[in-house]
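Heads up, upload_38.cif below (mmCIF, C-alpha atoms):
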data_query
#
loop_
_atom_site.label_atom_id
_atom_site.label_comp_id
_atom_site.auth_asym_id
_atom_site.auth_seq_id
_atom_site.Cartn_x
_atom_site.Cartn_y
_atom_site.Cartn_z
CA PRO Y 1237 72.02 -39.27 -9.77
CA GLU Y 1238 69.56 -37.38 -7.51
CA GLY Y 1239 72.47 -35.59 -5.85
CA GLN Y 1240 73.93 -34.74 -9.20
CA GLY Y 1241 70.53 -33.41 -10.28
CA ARG Y 1242 70.33 -31.21 -7.23
CA ILE Y 1243 73.84 -29.86 -7.84
CA PHE Y 1244 72.89 -29.17 -11.44
CA THR Y 1245 69.67 -27.47 -10.39
CA GLU Y 1246 71.39 -25.26 -7.84
CA SER Y 1247 74.16 -24.31 -10.25
CA CYS Y 1248 71.65 -23.22 -12.89
CA ASN Y 1249 69.36 -21.51 -10.30
CA LEU Y 1250 66.47 -23.61 -11.58
CA ASP Y 1251 64.54 -23.55 -8.29
CA LEU Y 1252 63.47 -19.98 -9.10
CA TRP Y 1253 61.24 -21.22 -11.92
CA LEU Y 1254 59.97 -24.16 -9.92
CA ARG Y 1255 58.98 -21.86 -7.03
CA ALA Y 1256 57.30 -19.55 -9.51
CA ALA Y 1257 55.37 -22.50 -10.95
CA ASP Y 1258 54.35 -23.62 -7.44
CA ILE Y 1259 53.15 -20.10 -6.60
CA ALA Y 1260 51.15 -19.96 -9.85
CA SER Y 1261 49.65 -23.39 -9.09
CA LYS Y 1262 48.74 -22.28 -5.54
CA ARG Y 1263 47.14 -19.10 -6.84
CA ARG Y 1264 45.18 -21.13 -9.41
CA LYS Y 1265 43.84 -23.43 -6.70
CA GLU Y 1266 42.86 -20.40 -4.63
CA ARG Y 1267 40.99 -18.97 -7.58
CA GLU Y 1268 39.31 -22.31 -8.23
CA ALA Y 1269 38.21 -22.47 -4.58
CA GLU Y 1270 36.99 -18.89 -4.92
CA LEU Y 1271 35.06 -19.90 -8.04
CA VAL Y 1272 33.34 -22.69 -6.11
CA SER Y 1273 32.38 -20.22 -3.39
CA LEU Y 1274 31.21 -17.64 -5.96
CA ALA Y 1275 29.18 -20.28 -7.81
CA ALA Y 1276 27.42 -21.20 -4.56
CA ALA Y 1277 26.79 -17.53 -3.76
CA LEU Y 1278 25.51 -16.93 -7.30
CA SER Y 1279 23.18 -19.90 -7.02
CA ARG Y 1280 21.83 -18.60 -3.70
CA GLU Y 1281 21.27 -15.11 -5.10
CA GLU Y 1282 19.56 -16.45 -8.22
CA GLY Y 1283 17.30 -18.59 -6.02
CA ARG Y 1284 16.59 -15.54 -3.87
CA LEU Y 1285 15.85 -13.50 -6.99
CA ALA Y 1286 13.41 -16.17 -8.19
CA GLU Y 1287 11.65 -16.13 -4.78
CA ILE Y 1288 11.43 -12.33 -4.90
CA ALA Y 1289 9.98 -12.45 -8.43
CA GLU Y 1290 7.35 -14.94 -7.24
CA GLY Y 1291 6.61 -12.70 -4.25
CA ILE Y 1292 6.18 -9.66 -6.52
CA GLU Y 1293 3.85 -11.62 -8.77
CA ARG Y 1294 1.77 -12.77 -5.79
CA GLU Y 1295 1.60 -9.25 -4.36
CA GLU Y 1296 0.65 -7.75 -7.73
CA VAL Y 1297 -2.16 -10.28 -8.12
CA ALA Y 1298 -3.30 -9.55 -4.57
CA SER Y 1299 -3.05 -5.79 -5.25
CA GLU Y 1300 -5.22 -6.09 -8.36
CA GLY Y 1301 -7.75 -8.14 -6.38
CA TYR Y 1302 -7.75 -5.53 -3.62
CA GLU Y 1303 -8.35 -2.70 -6.10
CA ARG Y 1304 -11.17 -4.62 -7.80
CA GLN Y 1305 -12.82 -5.34 -4.46
CA LYS Y 1306 -12.36 -1.72 -3.37
CA TYR Y 1307 -13.90 -0.42 -6.61
CA LYS Y 1308 -16.81 -2.88 -6.26
CA HIS Y 1309 -17.42 -1.82 -2.65
CA ILE Y 1310 -17.30 1.88 -3.60
CA LEU Y 1311 -19.86 1.28 -6.37
CA GLU Y 1312 -22.15 -0.60 -3.97
CA LEU Y 1313 -21.97 2.16 -1.36
CA THR Y 1314 -22.46 4.88 -4.00
CA ASP Y 1315 -25.53 3.10 -5.40
CA ARG Y 1316 -27.08 2.67 -1.94
CA ILE Y 1317 -26.47 6.35 -1.13
CA LYS Y 1318 -27.95 7.31 -4.50
CA VAL Y 1319 -31.11 5.27 -3.85
CA LEU Y 1320 -31.59 6.88 -0.43
CA SER Y 1321 -30.93 10.35 -1.90
CA MET Y 1322 -33.58 9.69 -4.55
CA GLU Y 1323 -36.04 8.76 -1.80
CA ILE Y 1324 -35.28 12.06 -0.09
CA GLU Y 1325 -35.76 13.99 -3.35
CA ALA Y 1326 -39.06 12.19 -3.97
CA GLU Y 1327 -40.28 13.11 -0.50
CA LEU Y 1328 -39.31 16.73 -1.13
CA ARG Y 1329 -41.19 16.77 -4.44
CA ASN Y 1330 -44.32 15.00 -3.24
CA ASN Y 1331 -44.82 16.60 0.18
CA VAL Y 1332 -46.51 19.98 -0.39
CA ALA Y 1333 -45.83 21.01 3.22
CA LEU Y 1334 -42.12 20.97 2.52
CA GLU Y 1335 -42.50 23.65 -0.14
CA ALA Y 1336 -42.79 26.23 2.63
CA LEU Y 1337 -39.17 25.50 3.52
CA GLY Y 1338 -38.00 26.51 0.07
CA ARG Y 1339 -35.98 24.49 -2.45
CA PRO Y 1340 -32.95 22.93 -0.73
CA ARG Y 1341 -29.51 23.28 -2.19
CA LYS Y 1342 -27.79 20.34 -3.81
CA PRO Y 1343 -26.12 18.14 -2.93
CA LEU Y 1344 -28.75 17.36 -0.34
CA SER Y 1345 -27.33 17.24 3.15
CA GLN Y 1346 -28.60 16.47 6.60
CA GLU Y 1347 -27.37 19.86 7.80
CA GLY Y 1348 -29.21 21.69 5.03
CA LEU Y 1349 -32.55 19.91 5.38
CA LEU Y 1350 -33.23 18.70 8.89
CA PRO Y 1351 -32.55 21.80 11.05
CA PRO Y 1352 -35.03 24.02 9.11
CA LEU Y 1353 -37.59 21.21 9.10
CA ARG Y 1354 -37.23 20.63 12.84
CA ALA Y 1355 -37.48 24.38 13.46
CA ARG Y 1356 -40.67 24.56 11.35
CA ILE Y 1357 -42.24 21.64 13.24
CA ALA Y 1358 -41.28 23.19 16.59
CA ALA Y 1359 -42.78 26.51 15.48
CA LEU Y 1360 -46.01 24.80 14.36
CA ARG Y 1361 -46.29 22.94 17.65
CA ALA Y 1362 -45.76 26.17 19.63
CA SER Y 1363 -48.24 27.97 17.40
CA GLY Y 1364 -50.77 25.17 17.88
CA ARG Y 1365 -50.44 25.43 21.62
CA ASP Y 1366 -50.84 29.22 21.49
CA LEU Y 1367 -53.85 28.96 19.19
CA GLY Y 1368 -55.44 26.32 21.41
CA ARG Y 1369 -54.98 28.53 24.44
CA LYS Y 1370 -56.37 31.51 22.56
CA ALA Y 1371 -59.38 29.47 21.38
CA GLY Y 1372 -59.99 28.29 24.94
CA GLU Y 1373 -59.83 31.83 26.26
CA GLY Y 1374 -62.20 32.96 23.46
CA GLU Y 1375 -64.68 30.21 24.29
CA ALA Y 1376 -64.60 31.19 27.98
CA GLN Y 1377 -65.20 34.79 26.96
CA LEU Y 1378 -68.10 33.67 24.76
CA ARG Y 1379 -69.66 31.85 27.69
CA ALA Y 1380 -69.33 34.97 29.87
CA LEU Y 1381 -70.76 37.14 27.11
CA GLY Y 1382 -73.65 34.71 26.64
CA THR Y 1383 -74.41 34.89 30.35
CA ARG Y 1384 -74.23 38.66 30.25
CA ARG Y 1385 -76.51 38.79 27.20
CA SER Y 1386 -79.03 36.55 28.89
CA GLU Y 1387 -79.02 38.82 31.91
CA GLN Y 1388 -79.38 41.90 29.69
CA GLU Y 1389 -82.28 40.36 27.75
CA ALA Y 1390 -84.02 39.43 31.01
CA ARG Y 1391 -83.63 42.98 32.24
CA LEU Y 1392 -85.04 44.33 28.94
CA ARG Y 1393 -88.11 42.03 29.25
CA ALA Y 1394 -88.64 43.21 32.81
CA TYR Y 1395 -88.64 46.88 31.79
CA ARG Y 1396 -90.97 46.18 28.88
CA GLU Y 1397 -93.37 44.31 31.14
CA ALA Y 1398 -93.30 47.30 33.55
CA LEU Y 1399 -94.17 49.65 30.71
CA GLU Y 1400 -97.00 47.44 29.60
CA GLY Y 1401 -98.22 46.82 33.15
CA ASP Y 1402 -98.17 48.80 36.42
CA ALA Y 1403 -95.01 50.85 35.66
CA VAL Y 1404 -93.17 49.47 38.69
CA CYS Y 1405 -89.35 49.61 38.32
CA PRO Y 1406 -88.03 46.02 38.27
CA GLU Y 1407 -84.86 47.10 40.04
CA CYS Y 1408 -86.18 49.17 43.01
CA GLY Y 1409 -89.84 47.97 43.11
CA GLN Y 1410 -91.18 51.59 43.15
CA LYS Y 1411 -93.47 53.34 40.75
CA ALA Y 1412 -91.38 54.95 38.02
CA PRO Y 1413 -92.19 57.48 35.32
CA VAL Y 1414 -92.82 56.04 31.87
CA ALA Y 1415 -89.99 58.14 30.44
CA ARG Y 1416 -87.54 56.62 32.90
CA LEU Y 1417 -88.69 53.08 32.06
CA GLU Y 1418 -88.41 53.80 28.33
CA ALA Y 1419 -84.91 55.18 28.86
CA SER Y 1420 -83.98 52.01 30.78
CA CYS Y 1421 -85.33 49.88 27.90
CA THR Y 1422 -83.28 51.86 25.42
CA ALA Y 1423 -80.15 51.48 27.56
CA ALA Y 1424 -80.77 47.74 27.89
CA GLN Y 1425 -81.20 47.35 24.15
CA LYS Y 1426 -77.98 49.29 23.56
CA ALA Y 1427 -76.11 47.10 26.04
CA ILE Y 1428 -77.49 43.97 24.32
CA ARG Y 1429 -76.34 45.21 20.91
CA LYS Y 1430 -72.89 45.88 22.34
CA THR Y 1431 -72.73 42.43 23.89
CA VAL Y 1432 -73.87 40.86 20.62
CA ALA Y 1433 -71.10 42.71 18.79
CA GLU Y 1434 -68.58 41.45 21.36
CA ILE Y 1435 -69.94 37.90 20.99
CA SER Y 1436 -69.61 38.14 17.22
CA ALA Y 1437 -66.01 39.38 17.48
CA ALA Y 1438 -65.12 36.74 20.05
CA SER Y 1439 -66.73 34.04 17.93
CA GLN Y 1440 -64.71 35.16 14.92
CA ASP Y 1441 -61.52 35.12 16.99
CA VAL Y 1442 -62.28 31.62 18.20
CA ALA Y 1443 -63.10 30.48 14.67
CA ASP Y 1444 -59.87 32.04 13.33
CA ALA Y 1445 -57.84 30.43 16.11
CA ASN Y 1446 -59.45 27.04 15.50
CA GLN Y 1447 -58.91 27.36 11.74
CA ALA Y 1448 -55.27 28.33 12.21
CA ALA Y 1449 -54.83 25.47 14.69
CA ASP Y 1450 -56.37 23.04 12.19
CA THR Y 1451 -54.07 24.34 9.45
CA ALA Y 1452 -51.04 23.92 11.70
CA GLU Y 1453 -52.23 20.44 12.69
CA ARG Y 1454 -52.62 19.42 9.03
CA GLU Y 1455 -49.15 20.75 8.23
CA LEU Y 1456 -47.74 18.92 11.24
CA LYS Y 1457 -49.35 15.70 10.03
CA LEU Y 1458 -47.46 16.13 6.78
CA LEU Y 1459 -44.16 17.38 8.20
CA GLU Y 1460 -43.72 14.98 11.14
CA PRO Y 1461 -43.82 11.80 8.99
CA ALA Y 1462 -41.60 13.56 6.45
CA LEU Y 1463 -39.11 14.39 9.21
CA ALA Y 1464 -39.14 10.81 10.43
CA LYS Y 1465 -38.62 9.54 6.89
CA LEU Y 1466 -35.83 12.00 6.16
CA GLU Y 1467 -34.14 11.29 9.49
CA GLY Y 1468 -34.34 7.56 8.76
CA ALA Y 1469 -32.86 8.07 5.30
CA PHE Y 1470 -30.02 10.26 6.58
CA LEU Y 1471 -29.49 7.82 9.46
CA LYS Y 1472 -28.88 5.14 6.84
CA ILE Y 1473 -26.80 7.44 4.64
CA ALA Y 1474 -24.43 8.60 7.42
CA PRO Y 1475 -22.66 5.23 8.01
CA LEU Y 1476 -22.60 4.59 4.27
CA GLU Y 1477 -20.86 7.91 3.66
CA ARG Y 1478 -18.39 7.19 6.50
CA ASP Y 1479 -17.62 3.80 4.98
CA LEU Y 1480 -17.30 5.35 1.53
CA LYS Y 1481 -14.87 7.99 2.79
CA ARG Y 1482 -12.86 5.41 4.72
CA ILE Y 1483 -12.64 2.98 1.80
CA THR Y 1484 -11.85 5.75 -0.70
CA ASN Y 1485 -8.98 7.01 1.49
CA GLU Y 1486 -7.64 3.52 2.25
CA THR Y 1487 -4.13 2.81 1.00
CA ASN Y 1488 -3.52 -0.41 -0.87
CA PRO Y 1489 -1.47 -2.47 1.65
CA HIS Y 1490 0.19 -4.43 -1.16
CA VAL Y 1491 1.77 -1.33 -2.76
CA GLU Y 1492 4.37 -0.96 0.00
CA SER Y 1493 5.13 -4.70 -0.11
CA ILE Y 1494 5.63 -4.52 -3.88
CA SER Y 1495 7.95 -1.51 -3.51
CA THR Y 1496 9.98 -3.33 -0.85
CA LEU Y 1497 10.21 -6.47 -2.97
CA LYS Y 1498 11.23 -4.47 -6.06
CA LEU Y 1499 13.98 -2.80 -4.04
CA ARG Y 1500 15.14 -6.23 -2.87
CA ARG Y 1501 15.00 -7.45 -6.48
CA LYS Y 1502 17.15 -4.52 -7.58
CA ASN Y 1503 19.70 -5.26 -4.86
CA ALA Y 1504 19.68 -8.97 -5.77
CA ARG Y 1505 20.24 -8.19 -9.45
CA GLU Y 1506 23.12 -5.87 -8.56
CA THR Y 1507 24.61 -8.57 -6.33
CA ILE Y 1508 24.26 -11.16 -9.13
CA THR Y 1509 25.86 -8.79 -11.64
CA GLN Y 1510 28.76 -8.14 -9.28
CA THR Y 1511 29.11 -11.85 -8.48
CA LYS Y 1512 29.19 -12.72 -12.19
CA ALA Y 1513 31.85 -10.07 -12.69
CA ASN Y 1514 33.81 -11.61 -9.80
CA VAL Y 1515 33.38 -15.06 -11.39
CA GLU Y 1516 34.69 -13.78 -14.70
CA GLY Y 1517 37.64 -12.15 -12.96
CA ALA Y 1518 38.40 -15.30 -10.97
CA GLU Y 1519 38.16 -17.44 -14.13
CA ARG Y 1520 40.53 -15.14 -15.98
CA LEU Y 1521 43.03 -15.26 -13.10
CA ALA Y 1522 42.67 -19.04 -12.81
CA LYS Y 1523 43.49 -19.40 -16.52
CA VAL Y 1524 46.42 -17.00 -16.17
CA TYR Y 1525 47.80 -18.89 -13.16
CA GLU Y 1526 47.21 -22.22 -14.92
CA TYR Y 1527 49.10 -20.97 -17.94
CA TRP Y 1528 52.03 -19.70 -15.92
CA GLY Y 1529 52.07 -22.83 -13.74
CA VAL Y 1530 52.92 -24.78 -16.90
CA ALA Y 1531 54.94 -22.02 -18.58
CA PHE Y 1532 57.36 -21.58 -15.67
CA LYS Y 1533 58.09 -25.32 -15.72
CA GLU Y 1534 58.59 -25.27 -19.46
CA ILE Y 1535 60.94 -22.30 -19.13
CA ARG Y 1536 62.88 -24.25 -16.51
CA LEU Y 1537 63.10 -27.33 -18.75
CA SER Y 1538 64.12 -25.25 -21.74
CA ILE Y 1539 66.98 -23.79 -19.68
CA VAL Y 1540 68.01 -27.31 -18.59
CA ASP Y 1541 67.91 -28.57 -22.18
CA GLU Y 1542 69.96 -25.64 -23.45
CA VAL Y 1543 72.64 -26.06 -20.74
CA LEU Y 1544 72.83 -29.83 -21.26
CA ARG Y 1545 73.23 -29.43 -25.03
CA GLU Y 1546 76.18 -27.09 -24.49
CA LEU Y 1547 77.62 -29.51 -21.88
CA GLU Y 1548 77.21 -32.47 -24.25
CA MET Y 1549 79.12 -30.65 -27.01
CA ALA Y 1550 81.89 -29.68 -24.61
CA VAL Y 1551 82.26 -33.24 -23.23
CA THR Y 1552 82.28 -34.73 -26.73
CA ARG Y 1553 85.12 -32.37 -27.77
CA HIS Y 1554 87.11 -33.36 -24.70
CA ALA Y 1555 86.50 -37.05 -25.43
CA GLU Y 1556 87.95 -36.67 -28.91
CA ALA Y 1557 90.99 -34.92 -27.40
CA LEU Y 1558 91.40 -37.96 -25.13
CA GLY Y 1559 91.41 -40.30 -28.13
CA LEU Y 1560 87.74 -41.36 -27.93
CA ALA Y 1561 86.92 -40.47 -31.49
CA GLY Y 1562 83.36 -41.19 -32.43
CA TRP Y 1563 82.24 -41.36 -28.83
CA ARG Y 1564 79.32 -39.21 -27.73
CA VAL Y 1565 77.90 -38.26 -24.36
CA GLU Y 1566 74.22 -37.43 -23.73
CA PHE Y 1567 72.86 -35.94 -20.51
CA ALA Y 1568 69.24 -36.25 -19.38
CA THR Y 1569 67.72 -34.61 -16.35
CA GLU Y 1570 64.22 -33.82 -14.97
CA ARG Y 1571 61.09 -34.11 -17.08
CA THR Y 1572 57.45 -33.31 -16.55
CA THR Y 1573 55.29 -36.39 -15.98
CA LYS Y 1574 51.76 -36.90 -17.28
CA SER Y 1575 50.39 -35.79 -13.92
CA GLY Y 1576 52.21 -32.48 -14.28
CA GLU Y 1577 54.84 -33.24 -11.66
CA VAL Y 1578 58.58 -32.78 -12.32
CA SER Y 1579 60.67 -35.95 -12.10
CA LEU Y 1580 64.14 -35.09 -10.76
CA ALA Y 1581 66.87 -37.32 -12.21
CA PHE Y 1582 70.28 -36.71 -13.79
CA THR Y 1583 71.38 -39.45 -16.20
CA THR Y 1584 74.59 -39.73 -18.23
CA LEU Y 1585 74.39 -41.89 -21.35
CA ILE Y 1586 77.60 -42.97 -23.20
CA TYR Y 1587 77.45 -43.71 -26.90
CA ALA Y 1588 80.59 -45.67 -27.87
CA ALA Y 1589 81.96 -45.41 -31.41
CA ASP Y 1590 79.66 -47.19 -33.86
CA ALA Y 1591 77.29 -48.18 -30.96
CA GLU Y 1592 73.60 -47.85 -31.62
CA GLU Y 1593 72.42 -48.20 -28.02
CA PRO Y 1594 73.80 -46.02 -25.20
CA ILE Y 1595 75.19 -47.32 -21.94
CA LYS Y 1596 74.46 -45.58 -18.65
CA PHE Y 1597 77.54 -44.12 -17.08
CA GLU Y 1598 76.64 -45.87 -13.81
CA SER Y 1599 76.94 -49.25 -15.58
CA TYR Y 1600 80.70 -48.94 -16.05
CA SER Y 1601 83.10 -50.38 -13.45
CA GLY Y 1602 85.20 -48.10 -11.36
CA GLY Y 1603 88.28 -48.45 -13.60
CA GLU Y 1604 86.27 -48.03 -16.77
CA SER Y 1605 84.51 -45.02 -15.48
CA GLN Y 1606 87.84 -43.55 -14.31
CA ARG Y 1607 89.34 -44.11 -17.72
#
Give the structure from the file, written as structure tokens.
Amino acid sequence: PEGQGRIFTESCNLDLWLRAADIASKRRKEREAELVSLAAALSREEGRLAEIAEGIEREEVASEGYERQKYKHILELTDRIKVLSMEIEAELRNNVALEALGRPRKPLSQEGLLPPLRARIAALRASGRDLGRKAGEGEAQLRALGTRRSEQEARLRAYREALEGDAVCPECGQKAPVARLEASCTAAQKAIRKTVAEISAASQDVADANQAADTAERELKLLEPALAKLEGAFLKIAPLERDLKRITNETNPHVESISTLKLRRKNARETITQTKANVEGAERLAKVYEYWGVAFKEIRLSIVDEVLRELEMAVTRHAEALGLAGWRVEFATERTTKSGEVSLAFTTLIYAADAEEPIKFESYSGGESQR
């Protein structure tokens, strides 16, 4: 029977449909394997996407914390600079010696305040030294003038005593005319008056120099502490301003990380979308191949059934011509099992006249089958 089935199959070219069904089944299995691979890849990408989303959330929280801390630090630095600036403004308002420098421009700066103040202090110190030297020279001159005045007054007394006494000249020790002694007294008095005028002028110069030196000293006593205070304030402000500038210009380090993660998230989403499209395509192909894997077999069986029906009718006609009226022949060949496999078998069933049950052709003896 198997040999007969093969002959029948070859004669009807039925292997074509069986090969087509096998190819469809193979393609379906390939697509199913591809679906397993795509499902694993999709699961990995979705897990990766979830990790990226968590990373973005962490970085965004960290970024917000960084910005809050940065803003807080900027406020702290600004407040400290403001307090120091207010101290500087208070010093400028309350120190009358600073008024000579003029009203400084705002915003107050170390470059705008300290150089003029240092120059003023240097000028006052130089002026104080000059005034001290001038006062010293004036005092020395006063001492010389005092000595000269004393000498002149002594000379005047000597000439007056000569006039009142023996008329002897105090300079040469000789008798001198009264007119000459009187002229010498007049000259001595004139010299004394001149020396007194010089003493008065020198005394005024010394007094002016001492007064100017005292004024400069008082101003220095006001300006030097002010300079120290301002320098201390600006010394504190300088690092604060550097820190403020640095922090203000700092770039949030989390921004770049967030951008990188968002780019990775975009790529992951695109990969997932493409993978899902591939899954849908593979599922469609798997269904198509599954359909045709069954359809090709059904086409093959339908061809077998059609040929066998025609063969049964032809055999039955020939049996009637041979005197076997009422006899009927039925052919059965391959069928699809429950597992989807094709069972190859060719069976001939003989229905005798008025017989309800068929008899397999193989059951007849050699003579009966020949007949």
Residue nearest Leu1399 (chain Y) among Y:Ala1269, Y:Lys1411, Y:Lys1596, Y:Glu1418 (counting only C-alpha atoms):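 Using only C-alpha atoms, Leu1399 (chain Y) sits closest to Y:Glu1418.
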task: Can you turn the PyMOL selection byres ((chain Y and resi 1542-1549) around 9) into a concrete residue list for this file, as a list of chain:residue names?
output: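 What the PyMOL selection byres ((chain Y and resi 1542-1549) around 9) grabs from the file is Y:Cys1248, Y:Leu1537, Y:Ser1538, Y:Ile1539, Y:Val1540, Y:Asp1541, Y:Ala1550, Y:Val1551, Y:Thr1552, Y:Arg1553, Y:His1554, Y:Arg1564, Y:Val1565, Y:Glu1566, Y:Phe1567, Y:Ala1568, Y:Thr1569.
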Prev. selection, C-alpha atoms, output as a PDB file, keeping the file's coordinate frame:
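Saved the output as result-v8.pdb:
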ATOM      1  CA  CYS Y1248      71.650 -23.220 -12.890  1.00  0.00           C
ATOM      2  CA  LEU Y1537      63.100 -27.330 -18.750  1.00  0.00           C
ATOM      3  CA  SER Y1538      64.120 -25.250 -21.740  1.00  0.00           C
ATOM      4  CA  ILE Y1539      66.980 -23.790 -19.680  1.00  0.00           C
ATOM      5  CA  VAL Y1540      68.010 -27.310 -18.590  1.00  0.00           C
ATOM      6  CA  ASP Y1541      67.910 -28.570 -22.180  1.00  0.00           C
ATOM      7  CA  ALA Y1550      81.890 -29.680 -24.610  1.00  0.00           C
ATOM      8  CA  VAL Y1551      82.260 -33.240 -23.230  1.00  0.00           C
ATOM      9  CA  THR Y1552      82.280 -34.730 -26.730  1.00  0.00           C
ATOM     10  CA  ARG Y1553      85.120 -32.370 -27.770  1.00  0.00           C
ATOM     11  CA  HIS Y1554      87.110 -33.360 -24.700  1.00  0.00           C
ATOM     12  CA  ARG Y1564      79.320 -39.210 -27.730  1.00  0.00           C
ATOM     13  CA  VAL Y1565      77.900 -38.260 -24.360  1.00  0.00           C
ATOM     14  CA  GLU Y1566      74.220 -37.430 -23.730  1.00  0.00           C
ATOM     15  CA  PHE Y1567      72.860 -35.940 -20.510  1.00  0.00           C
ATOM     16  CA  ALA Y1568      69.240 -36.250 -19.380  1.00  0.00           C
ATOM     17  CA  THR Y1569      67.720 -34.610 -16.350  1.00  0.00           C
TER      18      THR Y1569
END
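Across the structure, CA of Lys1523 (chain Y) and CA of Ala1257 (chain Y) are spaced 13.5 Å apart.
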- prompt: Which one is closest to Leu1497 (chain Y): Y:Ile1288, Y:Ala1588, Y:Val1272, Y:Ala1277? Count only C-alpha atoms.
  reply: Y:Ile1288
query: Looking at Y:Gly1374, Y:Pro1475, Y:Pro1489, Y:Pro1461, which one is nearest to Ala1443 (chain Y), with distances taken over all atoms listed in the file?
result: Y:Gly1374
Determine, counting all atoms listed in the file, which protein, DNA and RNA residues have an atom within 8 Å of an atom of Leu1254 (chain Y); residues of the same chain fewer than 6 positions away are not included. Present the result as a CSV table (one decimal) with C-alpha atoms, keeping the file's coordinate frame.
chain,number,residue,atom,x,y,z
Y,1532,PHE,CA,57.4,-21.6,-15.7
Y,1533,LYS,CA,58.1,-25.3,-15.7
Y,1536,ARG,CA,62.9,-24.2,-16.5
message: Please compute the CA of Arg1384 (chain Y)-CA of Ile1428 (chain Y) distance, one decimal, in Å.
response: 8.6 Å
task: Using only C-alpha atoms, collect all residues at a distance of at most 12 Å from (-49.6, 26.0, 19.8) as written in the file, then present them as a list of chain:residue names.
output: Y:Ile1357, Y:Ala1358, Y:Ala1359, Y:Leu1360, Y:Arg1361, Y:Ala1362, Y:Ser1363, Y:Gly1364, Y:Arg1365, Y:Asp1366, Y:Leu1367, Y:Gly1368, Y:Arg1369, Y:Lys1370, Y:Ala1371, Y:Gly1372, Y:Ala1445, Y:Asn1446, Y:Ala1448, Y:Ala1449, Y:Asp1450, Y:Thr1451, Y:Ala1452, Y:Glu1453, Y:Leu1456
task: Quote the spacing between CA of Arg1280 (chain Y) and CA of Glu1295 (chain Y) in Å to one decimal place.
output: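 Atom-to-atom, CA of Arg1280 (chain Y) to CA of Glu1295 (chain Y), that is 22.3 Å.
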task: Name every residue that the PyMOL selection byres ((chain Y and resi 1270) around 12) selects in this structure, writing the answer as a PyMOL selection string with chains first and numbers rising.
output: chain Y and resi 1263-1269+1271-1278+1511+1514-1519+1521-1522
task: Output the residue selection produced by the PyMOL selection byres ((chain Y and resi 1435) around 10) on the file above, formatted as number ranges by chain.
output: Y: 1374-1375, 1377-1382, 1385, 1429-1434, 1436-1441
With C-alpha atoms retained, could you export that selection as a compact mmCIF listing (two decimals), in the frame of the given file?
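Below you can see result26.txt, which holds the result:
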# COMPACT_ATOMS: atom_id res chain seq x y z
CA GLY Y 1374 -62.20 32.96 23.46
CA GLU Y 1375 -64.68 30.21 24.29
CA GLN Y 1377 -65.20 34.79 26.96
CA LEU Y 1378 -68.10 33.67 24.76
CA ARG Y 1379 -69.66 31.85 27.69
CA ALA Y 1380 -69.33 34.97 29.87
CA LEU Y 1381 -70.76 37.14 27.11
CA GLY Y 1382 -73.65 34.71 26.64
CA ARG Y 1385 -76.51 38.79 27.20
CA ARG Y 1429 -76.34 45.21 20.91
CA LYS Y 1430 -72.89 45.88 22.34
CA THR Y 1431 -72.73 42.43 23.89
CA VAL Y 1432 -73.87 40.86 20.62
CA ALA Y 1433 -71.10 42.71 18.79
CA GLU Y 1434 -68.58 41.45 21.36
CA SER Y 1436 -69.61 38.14 17.22
CA ALA Y 1437 -66.01 39.38 17.48
CA ALA Y 1438 -65.12 36.74 20.05
CA SER Y 1439 -66.73 34.04 17.93
CA GLN Y 1440 -64.71 35.16 14.92
CA ASP Y 1441 -61.52 35.12 16.99
- request: Point out the residue among Y:Ala1531, Y:Ser1279, Y:Cys1421, Y:Glu1592 with the least atom-to-atom distance to Lys1512 (chain Y), counting only C-alpha atoms.
  value: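 Between Y:Ala1531, Y:Ser1279, Y:Cys1421, Y:Glu1592, the residue approaching Lys1512 (chain Y) most closely is Y:Ser1279.
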message: Nearest residue to Val1442 (chain Y) out of Y:Glu1296, Y:Glu1598, Y:Glu1373, Y:Glu1486, using only C-alpha atoms?
response: Y:Glu1373
Report the centre and edge lengths, in Å to one decimal, of an axis-aligned box enclosing every atom of region 1454-1466 of chain Y listed in the file, padded by 6 Å on each side, as lines of an AutoDock Vina configuration file.
center_x = -44.2
center_y = 15.1
center_z = 8.7
size_x = 28.8
size_y = 23.2
size_z = 17.1
field: Thr1314 (chain Y) surroundings by all atoms listed in the file, 8 Å radius, close-in-sequence under 4 positions cut, as number ranges by chain
entry: Y: 1310, 1318, 1480
- request: Excluding Ser1321 (chain Y) and residues on its chain fewer than 3 positions from it, collect all residues at most 10 Å away from it, counting all atoms listed in the file, and give them as a ChimeraX atom specification.
  value: /Y:1315-1318,1324-1327,1343-1345,1466,1469-1470,1473
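The list of residues with at least one atom within 9 Å of Ser1299 (chain Y), based on all atoms listed in the file and without residues fewer than 3 positions apart in the same chain, reads Arg1294, Glu1295, Glu1296, Tyr1302, Glu1303, Arg1304, Asn1488, Pro1489, His1490, Val1491 and Ile1494 of chain Y.
Of the listed residues Y:Leu1558, Y:Ile1508, Y:Ile1535, Y:Leu1459, the one whose atoms come nearest to Arg1284 (chain Y) is Y:Ile1508, with distances taken using all atoms listed in the file.
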message: Set the distance at 12 Å and use all atoms listed in the file: which residues neighbour Ala1390 (chain Y) once local chain neighbours fewer than 3 positions away are removed? I'd like the list as a VMD selection string.
response: chain Y and resid 1383 to 1387 1393 to 1397 1406 to 1407 1421 1424 to 1425 1428
